[in-house]
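Everything below belongs to coords_10.txt, which stores compact mmCIF, C-alpha atoms.
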# COMPACT_ATOMS: atom_id res chain seq x y z
CA MET B 1 39.47 79.59 116.86
CA ARG B 2 36.21 81.56 116.55
CA VAL B 3 33.60 80.21 119.01
CA LEU B 4 29.82 80.14 118.65
CA TYR B 5 27.79 79.53 121.80
CA HIS B 6 24.57 77.91 120.65
CA GLN B 7 21.56 75.71 121.34
CA PRO B 8 20.86 73.00 118.74
CA LEU B 9 17.13 73.80 118.35
CA SER B 10 17.47 77.58 118.55
CA PRO B 11 16.62 78.94 115.07
CA HIS B 12 18.78 82.01 115.71
CA SER B 13 21.76 79.77 116.48
CA ARG B 14 21.06 77.75 113.33
CA LYS B 15 20.95 80.91 111.23
CA ILE B 16 24.45 81.90 112.36
CA ARG B 17 25.82 78.37 111.87
CA LEU B 18 24.49 78.43 108.30
CA VAL B 19 25.85 81.93 107.62
CA LEU B 20 29.32 81.17 109.01
CA SER B 21 29.52 77.88 107.05
CA GLU B 22 28.24 79.51 103.86
CA ARG B 23 30.94 82.19 104.21
CA ARG B 24 33.56 79.52 105.03
CA LEU B 25 34.41 81.19 108.32
CA PRO B 26 35.62 78.34 110.54
CA PHE B 27 34.18 78.13 114.06
CA GLU B 28 33.93 75.86 117.03
CA LEU B 29 30.48 75.18 118.52
CA LYS B 30 29.97 75.37 122.29
CA LEU B 31 26.71 74.21 123.74
CA GLU B 32 25.00 76.75 126.02
CA ARG B 33 21.87 76.14 128.06
CA PRO B 34 20.56 79.71 128.35
CA TRP B 35 18.02 78.74 131.02
CA ASP B 36 20.91 77.87 133.38
CA ARG B 37 21.91 81.57 133.36
CA ARG B 38 25.58 80.67 133.78
CA PRO B 39 27.39 83.74 135.22
CA GLU B 40 30.36 83.36 132.81
CA TYR B 41 27.95 83.39 129.89
CA LEU B 42 26.02 86.40 131.20
CA GLU B 43 29.34 88.26 131.26
CA LEU B 44 29.64 87.63 127.52
CA ASN B 45 25.98 88.37 126.82
CA PRO B 46 24.00 90.07 129.60
CA ALA B 47 20.72 89.24 127.81
CA GLY B 48 21.58 85.54 128.27
CA THR B 49 20.27 84.62 124.82
CA VAL B 50 21.90 82.32 122.26
CA PRO B 51 23.85 82.62 120.06
CA THR B 52 26.93 84.61 121.03
CA LEU B 53 30.00 84.77 118.78
CA VAL B 54 33.51 85.21 120.16
CA GLU B 55 36.07 86.20 117.55
CA ASP B 56 39.73 85.10 117.56
CA ASP B 57 40.82 88.54 118.78
CA GLY B 58 38.42 88.29 121.74
CA LEU B 59 35.65 90.53 120.33
CA VAL B 60 32.35 89.31 121.79
CA VAL B 61 29.29 89.67 119.55
CA PRO B 62 25.98 88.71 121.21
CA ASP B 63 22.53 88.44 119.57
CA SER B 64 22.01 86.86 116.16
CA GLY B 65 20.86 90.15 114.59
CA VAL B 66 23.94 91.98 115.86
CA ILE B 67 26.17 89.10 114.67
CA CYS B 68 24.78 89.34 111.12
CA GLU B 69 25.31 93.10 110.89
CA TYR B 70 28.79 92.63 112.34
CA LEU B 71 29.70 89.90 109.83
CA ASP B 72 28.44 92.04 106.96
CA GLU B 73 30.80 94.85 108.00
CA ALA B 74 33.76 92.70 109.03
CA TYR B 75 33.70 90.39 105.99
CA PRO B 76 32.18 92.49 103.21
CA ASP B 77 33.21 90.13 100.38
CA THR B 78 29.82 88.39 100.30
CA ALA B 79 26.74 90.58 100.09
CA MET B 80 24.38 88.60 102.25
CA LEU B 81 22.33 91.68 103.07
CA GLY B 82 22.00 92.63 99.40
CA ARG B 83 23.84 95.14 97.22
CA THR B 84 21.53 98.04 96.38
CA ARG B 85 19.65 100.11 98.97
CA MET B 86 16.36 98.60 97.87
CA GLU B 87 17.71 95.04 98.14
CA ARG B 88 19.11 95.74 101.60
CA VAL B 89 15.78 97.13 102.78
CA GLU B 90 13.95 94.05 101.48
CA VAL B 91 16.43 91.57 103.01
CA ARG B 92 16.31 93.29 106.40
CA ARG B 93 12.50 93.63 106.24
CA LEU B 94 12.16 89.88 105.73
CA VAL B 95 14.71 89.04 108.43
CA ALA B 96 12.76 91.29 110.84
CA TRP B 97 9.56 89.48 109.84
CA ILE B 98 11.09 86.02 110.26
CA ASP B 99 13.10 86.58 113.45
CA GLY B 100 10.48 88.92 114.92
CA ARG B 101 6.93 88.10 113.94
CA PHE B 102 7.36 84.48 112.77
CA ALA B 103 9.45 83.69 115.87
CA HIS B 104 6.81 85.27 118.11
CA ASP B 105 3.82 83.71 116.34
CA VAL B 106 5.17 80.25 115.62
CA THR B 107 8.61 79.17 116.84
CA ASP B 108 8.27 80.52 120.40
CA ASN B 109 4.89 78.83 120.70
CA LEU B 110 5.95 75.46 119.28
CA ILE B 111 9.69 74.92 119.92
CA GLY B 112 9.55 77.22 122.95
CA GLU B 113 6.66 75.41 124.62
CA LYS B 114 7.49 71.84 123.59
CA TYR B 115 11.26 71.80 123.89
CA PHE B 116 12.81 74.77 125.73
CA LYS B 117 10.17 74.83 128.45
CA ARG B 118 10.76 71.17 129.24
CA ALA B 119 14.53 71.53 129.02
CA ALA B 120 14.38 74.44 131.46
CA GLY B 121 12.18 72.44 133.85
CA ARG B 122 9.31 74.92 133.56
CA GLY B 123 6.57 72.33 133.12
CA HIS B 124 4.30 71.19 130.29
CA PRO B 125 3.46 72.97 127.03
CA ASP B 126 0.51 75.35 127.20
CA SER B 127 -2.19 74.04 124.87
CA GLY B 128 -3.39 77.55 123.97
CA ALA B 129 0.13 78.51 122.88
CA LEU B 130 0.42 75.35 120.76
CA ARG B 131 -2.93 76.02 119.06
CA MET B 132 -1.85 79.58 118.35
CA GLY B 133 1.50 78.37 116.97
CA TYR B 134 -0.08 75.84 114.60
CA GLY B 135 -2.67 78.36 113.41
CA HIS B 136 -0.05 80.98 112.63
CA LEU B 137 2.27 78.42 111.01
CA LYS B 138 -0.27 77.82 108.23
CA SER B 139 -0.68 81.48 107.28
CA HIS B 140 3.04 82.23 107.50
CA MET B 141 3.86 79.20 105.32
CA ALA B 142 1.39 80.47 102.73
CA TYR B 143 3.29 83.80 102.64
CA PHE B 144 6.65 82.05 102.29
CA ALA B 145 5.26 79.79 99.55
CA TRP B 146 4.09 82.90 97.70
CA LEU B 147 7.53 84.50 98.04
CA ALA B 148 9.20 81.28 96.84
CA GLU B 149 6.85 81.07 93.88
CA THR B 150 7.29 84.64 92.71
CA ARG B 151 11.02 85.11 93.37
CA LYS B 152 14.19 83.12 92.81
CA TRP B 153 15.19 83.50 96.47
CA LEU B 154 13.09 84.87 99.33
CA ALA B 155 14.22 88.49 99.00
CA GLY B 156 14.69 88.56 95.23
CA ASN B 157 17.21 87.34 92.69
CA SER B 158 20.03 86.61 95.12
CA LEU B 159 20.49 84.25 98.03
CA SER B 160 20.47 86.41 101.16
CA LEU B 161 20.27 86.44 104.92
CA ALA B 162 16.47 86.19 104.60
CA ASP B 163 16.92 82.65 103.23
CA PHE B 164 19.24 81.65 106.08
CA ALA B 165 16.94 83.20 108.70
CA LEU B 166 13.95 81.22 107.47
CA ALA B 167 16.03 78.07 107.01
CA GLY B 168 17.07 78.37 110.66
CA HIS B 169 13.44 78.41 111.81
CA LEU B 170 12.11 75.79 109.41
CA SER B 171 14.94 73.37 110.10
CA SER B 172 14.23 73.57 113.86
CA LEU B 173 10.51 73.10 113.23
CA ASP B 174 11.23 70.25 110.80
CA TYR B 175 13.47 68.51 113.33
CA THR B 176 10.58 68.45 115.80
CA GLY B 177 8.18 67.28 113.08
CA GLU B 178 5.98 70.39 112.87
CA ILE B 179 6.13 70.98 109.11
CA ASP B 180 3.72 69.32 106.71
CA TRP B 181 5.70 69.58 103.47
CA SER B 182 2.82 68.22 101.38
CA GLU B 183 1.05 71.55 101.98
CA ALA B 184 4.10 73.79 101.58
CA GLY B 185 3.87 74.43 97.82
CA ALA B 186 6.87 76.29 96.40
CA ALA B 187 8.31 76.68 99.92
CA LYS B 188 9.17 72.97 99.76
CA ASP B 189 11.28 73.39 96.60
CA TRP B 190 12.98 76.42 98.14
CA TYR B 191 13.77 74.43 101.32
CA ALA B 192 15.09 71.50 99.25
CA ARG B 193 17.51 73.89 97.53
CA MET B 194 18.63 75.33 100.88
CA LYS B 195 19.01 71.88 102.43
CA SER B 196 21.29 70.64 99.67
CA ARG B 197 23.82 73.43 100.19
CA PRO B 198 27.05 72.28 101.86
CA CYS B 199 26.51 74.77 104.73
CA PHE B 200 23.50 72.70 105.83
CA ARG B 201 25.39 69.45 106.40
CA SER B 202 26.28 69.90 110.05
CA LEU B 203 22.68 70.87 110.92
CA LEU B 204 21.33 67.76 109.25
CA ALA B 205 23.86 65.54 111.03
CA ASP B 206 22.97 66.92 114.50
CA ARG B 207 21.05 64.69 116.87
CA ILE B 208 19.61 66.02 120.12
CA ALA B 209 19.37 63.64 123.09
CA GLY B 210 15.76 62.71 123.74
CA VAL B 211 14.37 64.36 120.60
CA GLU B 212 14.25 62.17 117.49
CA PRO B 213 13.73 63.94 114.14
CA PRO B 214 11.32 62.45 111.57
CA ASP B 215 12.84 60.19 108.89
CA HIS B 216 12.72 62.86 106.19
CA TYR B 217 14.66 65.43 108.30
CA ALA B 218 18.11 64.74 106.83
CA ASP B 219 16.79 63.43 103.49
CA LEU B 220 17.68 65.79 100.65
CA ASP B 221 14.95 64.24 98.52
CA PHE B 222 12.07 64.48 101.00
CA MET Y 1 9.08 115.51 101.20
CA ARG Y 2 10.11 112.42 103.15
CA VAL Y 3 7.11 110.91 104.99
CA LEU Y 4 7.08 109.03 108.28
CA TYR Y 5 3.97 106.99 109.10
CA HIS Y 6 3.78 106.87 112.88
CA GLN Y 7 1.75 106.48 116.06
CA PRO Y 8 2.36 109.15 118.74
CA LEU Y 9 2.84 106.68 121.63
CA SER Y 10 4.78 104.08 119.68
CA PRO Y 11 8.35 104.13 121.06
CA HIS Y 12 9.69 102.84 117.74
CA SER Y 13 8.03 105.76 115.94
CA ARG Y 14 9.49 108.15 118.50
CA LYS Y 15 12.97 106.73 118.02
CA ILE Y 16 12.85 107.47 114.28
CA ARG Y 17 11.42 110.97 114.83
CA LEU Y 18 14.32 111.70 117.18
CA VAL Y 19 16.91 110.24 114.83
CA LEU Y 20 15.62 112.12 111.76
CA SER Y 21 15.44 115.41 113.70
CA GLU Y 22 18.90 114.90 115.22
CA ARG Y 23 20.30 114.32 111.72
CA ARG Y 24 18.35 117.33 110.36
CA LEU Y 25 16.60 115.19 107.78
CA PRO Y 26 13.27 116.97 107.17
CA PHE Y 27 10.14 114.82 107.18
CA GLU Y 28 6.38 115.04 107.29
CA LEU Y 29 4.50 113.00 109.89
CA LYS Y 30 1.45 110.99 108.88
CA LEU Y 31 -0.66 109.39 111.56
CA GLU Y 32 -1.28 105.66 111.08
CA ARG Y 33 -3.58 103.50 113.21
CA PRO Y 34 -1.94 100.10 112.66
CA TRP Y 35 -4.90 98.26 114.22
CA ASP Y 36 -7.11 99.48 111.32
CA ARG Y 37 -4.97 97.39 108.94
CA ARG Y 38 -5.54 99.86 106.11
CA PRO Y 39 -4.89 98.05 102.79
CA GLU Y 40 -2.88 101.00 101.37
CA TYR Y 41 -0.61 100.89 104.41
CA LEU Y 42 -0.19 97.10 104.25
CA GLU Y 43 1.04 97.59 100.69
CA LEU Y 44 3.83 99.78 102.08
CA ASN Y 45 4.53 97.54 105.05
CA PRO Y 46 3.03 94.02 104.94
CA ALA Y 47 3.77 93.59 108.67
CA GLY Y 48 1.42 96.51 109.35
CA THR Y 49 3.66 97.92 112.09
CA VAL Y 50 4.66 101.55 112.63
CA PRO Y 51 6.80 103.36 111.68
CA THR Y 52 7.34 103.22 107.93
CA LEU Y 53 9.53 105.74 106.13
CA VAL Y 54 8.92 106.77 102.53
CA GLU Y 55 11.84 108.61 100.93
CA ASP Y 56 11.52 111.41 98.35
CA ASP Y 57 12.49 109.02 95.55
CA GLY Y 58 9.71 106.62 96.59
CA LEU Y 59 11.88 104.08 98.44
CA VAL Y 60 9.73 102.51 101.16
CA VAL Y 61 11.54 101.51 104.36
CA PRO Y 62 9.38 99.66 106.91
CA ASP Y 63 10.33 98.66 110.49
CA SER Y 64 12.25 100.95 112.83
CA GLY Y 65 15.26 98.64 112.96
CA VAL Y 66 15.47 98.47 109.17
CA ILE Y 67 15.05 102.27 108.97
CA CYS Y 68 18.01 102.84 111.30
CA GLU Y 69 20.32 100.54 109.35
CA TYR Y 70 19.12 102.18 106.12
CA LEU Y 71 19.77 105.71 107.45
CA ASP Y 72 23.24 104.69 108.62
CA GLU Y 73 24.11 103.53 105.10
CA ALA Y 74 22.31 106.28 103.16
CA TYR Y 75 23.57 109.20 105.30
CA PRO Y 76 26.91 108.03 106.67
CA ASP Y 77 28.03 111.50 107.84
CA THR Y 78 26.86 110.89 111.43
CA ALA Y 79 28.02 107.73 113.12
CA MET Y 80 24.93 106.92 115.14
CA LEU Y 81 25.80 103.23 115.23
CA GLY Y 82 29.34 103.92 116.44
CA ARG Y 83 32.67 104.06 114.61
CA THR Y 84 34.78 101.07 115.60
CA ARG Y 85 33.64 97.46 115.35
CA MET Y 86 33.48 97.19 119.11
CA GLU Y 87 31.39 100.36 119.42
CA ARG Y 88 29.00 99.16 116.72
CA VAL Y 89 28.53 95.82 118.47
CA GLU Y 90 27.77 97.58 121.76
CA VAL Y 91 25.33 100.09 120.20
CA ARG Y 92 23.45 97.34 118.36
CA ARG Y 93 23.47 95.07 121.42
CA LEU Y 94 21.80 97.78 123.49
CA VAL Y 95 19.30 98.64 120.75
CA ALA Y 96 18.39 94.93 120.55
CA TRP Y 97 17.98 94.89 124.34
CA ILE Y 98 15.82 98.04 124.39
CA ASP Y 99 13.65 97.38 121.33
CA GLY Y 100 13.51 93.64 121.98
CA ARG Y 101 13.59 92.68 125.64
CA PHE Y 102 12.59 96.01 127.23
CA ALA Y 103 9.75 96.42 124.71
CA HIS Y 104 8.56 92.87 125.42
CA ASP Y 105 8.92 93.09 129.21
CA VAL Y 106 7.72 96.63 129.82
CA THR Y 107 6.38 98.78 126.97
CA ASP Y 108 4.15 96.12 125.38
CA ASN Y 109 2.69 95.33 128.81
CA LEU Y 110 2.10 98.94 129.88
CA ILE Y 111 1.55 101.12 126.76
CA GLY Y 112 0.31 98.09 124.81
CA GLU Y 113 -2.31 97.10 127.38
CA LYS Y 114 -3.36 100.56 128.56
CA TYR Y 115 -3.32 102.53 125.34
CA PHE Y 116 -3.08 100.48 122.13
CA LYS Y 117 -5.52 97.80 123.31
CA ARG Y 118 -8.16 100.43 124.09
CA ALA Y 119 -7.48 102.36 120.88
CA ALA Y 120 -7.91 99.15 118.89
CA GLY Y 121 -11.17 98.35 120.73
CA ARG Y 122 -9.78 95.10 122.16
CA GLY Y 123 -11.08 95.64 125.69
CA HIS Y 124 -9.54 96.42 129.07
CA PRO Y 125 -5.93 96.05 130.18
CA ASP Y 126 -5.00 92.65 131.56
CA SER Y 127 -4.01 93.10 135.21
CA GLY Y 128 -1.41 90.31 135.05
CA ALA Y 129 0.31 92.01 132.11
CA LEU Y 130 0.35 95.34 133.97
CA ARG Y 131 1.86 93.72 137.08
CA MET Y 132 4.50 92.08 134.94
CA GLY Y 133 5.25 95.39 133.17
CA TYR Y 134 5.71 97.33 136.42
CA GLY Y 135 7.87 94.60 137.92
CA HIS Y 136 10.18 94.48 134.91
CA LEU Y 137 10.30 98.29 134.66
CA LYS Y 138 12.08 98.52 138.03
CA SER Y 139 14.84 96.07 137.16
CA HIS Y 140 15.39 97.48 133.68
CA MET Y 141 15.58 101.03 135.07
CA ALA Y 142 18.25 99.86 137.52
CA TYR Y 143 20.31 98.55 134.57
CA PHE Y 144 19.91 101.82 132.64
CA ALA Y 145 20.82 103.84 135.75
CA TRP Y 146 23.99 101.76 136.07
CA LEU Y 147 24.87 102.35 132.40
CA ALA Y 148 24.21 106.10 132.81
CA GLU Y 149 26.37 106.19 135.93
CA THR Y 150 29.35 104.37 134.47
CA ARG Y 151 29.33 105.82 130.93
CA LYS Y 152 28.95 109.23 129.35
CA TRP Y 153 26.20 107.96 127.03
CA LEU Y 154 24.42 104.60 127.14
CA ALA Y 155 26.77 102.77 124.79
CA GLY Y 156 29.99 104.59 125.74
CA ASN Y 157 31.61 107.95 125.08
CA SER Y 158 29.41 108.99 122.16
CA LEU Y 159 25.74 109.69 121.75
CA SER Y 160 24.32 106.80 119.71
CA LEU Y 161 21.21 105.07 118.51
CA ALA Y 162 21.03 103.29 121.88
CA ASP Y 163 20.25 106.66 123.52
CA PHE Y 164 17.52 107.44 120.99
CA ALA Y 165 16.02 103.97 121.28
CA LEU Y 166 15.72 104.24 125.06
CA ALA Y 167 14.52 107.86 124.84
CA GLY Y 168 11.73 106.66 122.54
CA HIS Y 169 10.52 104.14 125.10
CA LEU Y 170 10.96 106.28 128.19
CA SER Y 171 9.26 109.30 126.62
CA SER Y 172 6.21 107.16 125.76
CA LEU Y 173 6.17 105.72 129.28
CA ASP Y 174 6.68 109.19 130.77
CA TYR Y 175 3.78 110.60 128.73
CA THR Y 176 1.48 108.00 130.25
CA GLY Y 177 2.89 108.67 133.73
CA GLU Y 178 4.62 105.32 134.32
CA ILE Y 179 8.07 106.57 135.30
CA ASP Y 180 8.97 107.47 138.89
CA TRP Y 181 11.95 109.75 138.29
CA SER Y 182 12.71 110.03 142.01
CA GLU Y 183 13.90 106.41 141.85
CA ALA Y 184 15.72 106.65 138.52
CA GLY Y 185 19.18 107.67 139.79
CA ALA Y 186 21.62 108.58 137.02
CA ALA Y 187 19.04 107.59 134.39
CA LYS Y 188 17.19 110.80 135.30
CA ASP Y 189 20.21 113.00 134.51
CA TRP Y 190 20.73 111.11 131.27
CA TYR Y 191 17.06 111.62 130.32
CA ALA Y 192 17.26 115.34 131.21
CA ARG Y 193 20.21 115.68 128.80
CA MET Y 194 18.30 113.85 126.05
CA LYS Y 195 15.14 115.86 126.64
CA SER Y 196 16.93 119.20 126.28
CA ARG Y 197 18.23 118.37 122.79
CA PRO Y 198 16.45 120.27 120.00
CA CYS Y 199 15.42 116.98 118.35
CA PHE Y 200 13.13 116.32 121.34
CA ARG Y 201 10.99 119.46 120.94
CA SER Y 202 8.29 118.07 118.69
CA LEU Y 203 7.82 115.01 120.95
CA LEU Y 204 7.39 117.20 124.01
CA ALA Y 205 4.87 119.42 122.20
CA ASP Y 206 2.69 116.47 121.10
CA ARG Y 207 -0.66 116.02 122.80
CA ILE Y 208 -2.74 112.88 122.25
CA ALA Y 209 -6.53 113.20 122.37
CA GLY Y 210 -7.89 111.61 125.54
CA VAL Y 211 -4.46 110.99 127.13
CA GLU Y 212 -3.10 113.82 129.27
CA PRO Y 213 0.60 113.68 130.17
CA PRO Y 214 1.72 114.51 133.72
CA ASP Y 215 2.81 118.13 134.39
CA HIS Y 216 6.53 117.28 134.33
CA TYR Y 217 6.35 115.61 130.89
CA ALA Y 218 7.47 118.63 128.84
CA ASP Y 219 9.40 120.27 131.68
CA LEU Y 220 13.14 120.25 130.98
CA ASP Y 221 13.88 120.78 134.67
CA PHE Y 222 11.72 117.95 136.06
Would you mind writing the file out in structure tokens?
Amino acid sequence: MRVLYHQPLSPHSRKIRLVLSERRLPFELKLERPWDRRPEYLELNPAGTVPTLVEDDGLVVPDSGVICEYLDEAYPDTAMLGRTRMERVEVRRLVAWIDGRFAHDVTDNLIGEKYFKRAAGRGHPDSGALRMGYGHLKSHMAYFAWLAETRKWLAGNSLSLADFALAGHLSSLDYTGEIDWSEAGAAKDWYARMKSRPCFRSLLADRIAGVEPPDHYADLDF
Amino acid sequence: MRVLYHQPLSPHSRKIRLVLSERRLPFELKLERPWDRRPEYLELNPAGTVPTLVEDDGLVVPDSGVICEYLDEAYPDTAMLGRTRMERVEVRRLVAWIDGRFAHDVTDNLIGEKYFKRAAGRGHPDSGALRMGYGHLKSHMAYFAWLAETRKWLAGNSLSLADFALAGHLSSLDYTGEIDWSEAGAAKDWYARMKSRPCFRSLLADRIAGVEPPDHYADLDF
């Protein structure tokens, strides 16, 4: 059985769980604590990041960006990266924005400081980083709300990897109670549509020891 | 004519210049100062990063990672991302390492603090960031030396995007005098082979106002 090494609050892990479920590619989840730097895991993925995918035939695919490009080539029946050249540029541009800039500005500062830092035993959250994270969250959410208002899906007319990338981040941030949906505008409707897809079920059922999600987290009608 | 918006010391810009030249895809360079946040440029690339490629037919491709995936699909005659699934995973894994982790650990701390920060008028380099950059540079160079010693090219038997990605970073760092080649082991021979390729000529001829490269920078026999 295909194996995905993951961390429950890692948005990159969540993105791959969503993508695999959406594509109906069965997989088994294995919990990895990347901060432990387990030698067997570093053999699979020298960068030590999550997620890493191990295929049935033993092919090891580390890094969520590499996994998505790999899945697009290995299972070309769904066009999650778009069909035309222009669509593919726009999907990848947004994924780079979400997994690069948004991760750096927001998720690393909030989830990174509040959850991963504690889990790794590296002390308390840095208040400057938290302030920066909350400040950036507002402006990024305004951009996503604008995209959701002017397009059917984030990258255009079709559901794409951009939607799953953002859903990965927002579902982590929602689990830890960082998102104020009353201010999210059209991004809230977009997230409600994502959340009600069958691929989302296992994420919504997850519970992480010591971290309680807000009541609305698993509620489809939030 | 195809246009590439770039910054001379941006390793991501250099990677695309190398890749386009290696593939003999003619292009015109346009200098962009991303810190000016020029509205016309933000229309092309809302993230405001360099490089951005504009094709003859008007297609705008922002972000060096997106450009490389685009080029691989639009001009499939050269297999810069590798041919087999396993090769493509390894090439992309290394590119993610180089443009992600190496950039974060080393280039952002050294070129970012010493050159881009000054150019953007954001003050003096942070000494902690410089220390961190130099520390990480040593360990990363040891990894690249090991790859160069055990493989013909960085990702295996064929020249690939991984080689161009690293050449982009190391040529920027070499221009600003950060690399001690006497300690680089097999990475030095690898870089000498890269540097002597015709695609490298325009990089080696570049001179940036106010930043003099060391004597060996353009020397093929350094």
Return as an MDAnalysis selection string the residues belonging to chain Y that are within 10 Å of chain B, counting all atoms listed in the file. chainID Y and resid 45:47 59:67 69:70 73:74 85:86 88:97 100:101
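Between CA of Leu25 in chain B and CA of Met80 in chain B there is a distance of 13.9 Å.
Across the structure, CA of Val3 in chain B and CA of Lys195 in chain B are spaced 23.6 Å apart.
Each of Y:Lys117, Y:Arg197, Y:His12, Y:Arg2 was checked against His169 in chain Y using only C-alpha atoms; the smallest atom-to-atom distance is that of Y:His12.
Reported to one decimal place, the separation of CA of Asp206 in chain B from CA of Pro26 in chain B is 17.5 Å.
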As JSON, please report the centre and edge lengths, rounded to one decimal in Å, of the axis-aligned box that holds all listed atoms of range 184-200 of chain B with 3 Å of padding on each of the six sides.
{"center_x": 15.5, "center_y": 73.7, "center_z": 101.1, "size_x": 29.2, "size_y": 12.0, "size_z": 15.4}
Taking (3.6, 115.5, 121.1) in the coordinates of the supplied file, I want to know which residues reach to within 10 Å of it, counting all atoms listed in the file; could you give the answer as an MDAnalysis selection string? chainID Y and resid 8:9 14 172 175 200:208 213 218
With C-alpha atoms retained, could you export that selection as a short mmCIF file (atom, residue, chain, number, x, y, z; two decimals), keeping the file's coordinate frame?
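What follows is the written file selection.cif:
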data_model
loop_
_atom_site.label_atom_id
_atom_site.label_comp_id
_atom_site.auth_asym_id
_atom_site.auth_seq_id
_atom_site.Cartn_x
_atom_site.Cartn_y
_atom_site.Cartn_z
CA PRO Y 8 2.36 109.15 118.74
CA LEU Y 9 2.84 106.68 121.63
CA ARG Y 14 9.49 108.15 118.50
CA SER Y 172 6.21 107.16 125.76
CA TYR Y 175 3.78 110.60 128.73
CA PHE Y 200 13.13 116.32 121.34
CA ARG Y 201 10.99 119.46 120.94
CA SER Y 202 8.29 118.07 118.69
CA LEU Y 203 7.82 115.01 120.95
CA LEU Y 204 7.39 117.20 124.01
CA ALA Y 205 4.87 119.42 122.20
CA ASP Y 206 2.69 116.47 121.10
CA ARG Y 207 -0.66 116.02 122.80
CA ILE Y 208 -2.74 112.88 122.25
CA PRO Y 213 0.60 113.68 130.17
CA ALA Y 218 7.47 118.63 128.84
#
If you count all atoms listed in the file, which residues fall within 7 Å of Val50 in chain B, apart from same-chain ones fewer than 4 positions away, as a short mmCIF file (atom, residue, chain, number, x, y, z; two decimals) with C-alpha atoms, in the frame of the given file?
data_model
loop_
_atom_site.label_atom_id
_atom_site.label_comp_id
_atom_site.auth_asym_id
_atom_site.auth_seq_id
_atom_site.Cartn_x
_atom_site.Cartn_y
_atom_site.Cartn_z
CA TYR B 5 27.79 79.53 121.80
CA HIS B 6 24.57 77.91 120.65
CA GLN B 7 21.56 75.71 121.34
CA SER B 13 21.76 79.77 116.48
CA PRO B 34 20.56 79.71 128.35
CA ASP B 63 22.53 88.44 119.57
#
For Ala187 in chain B, find every residue with an atom within 7 Å (counting all atoms listed in the file), except residues of its own chain fewer than 4 positions away, and show them as an MDAnalysis selection string. chainID B and resid 144:145 148 191
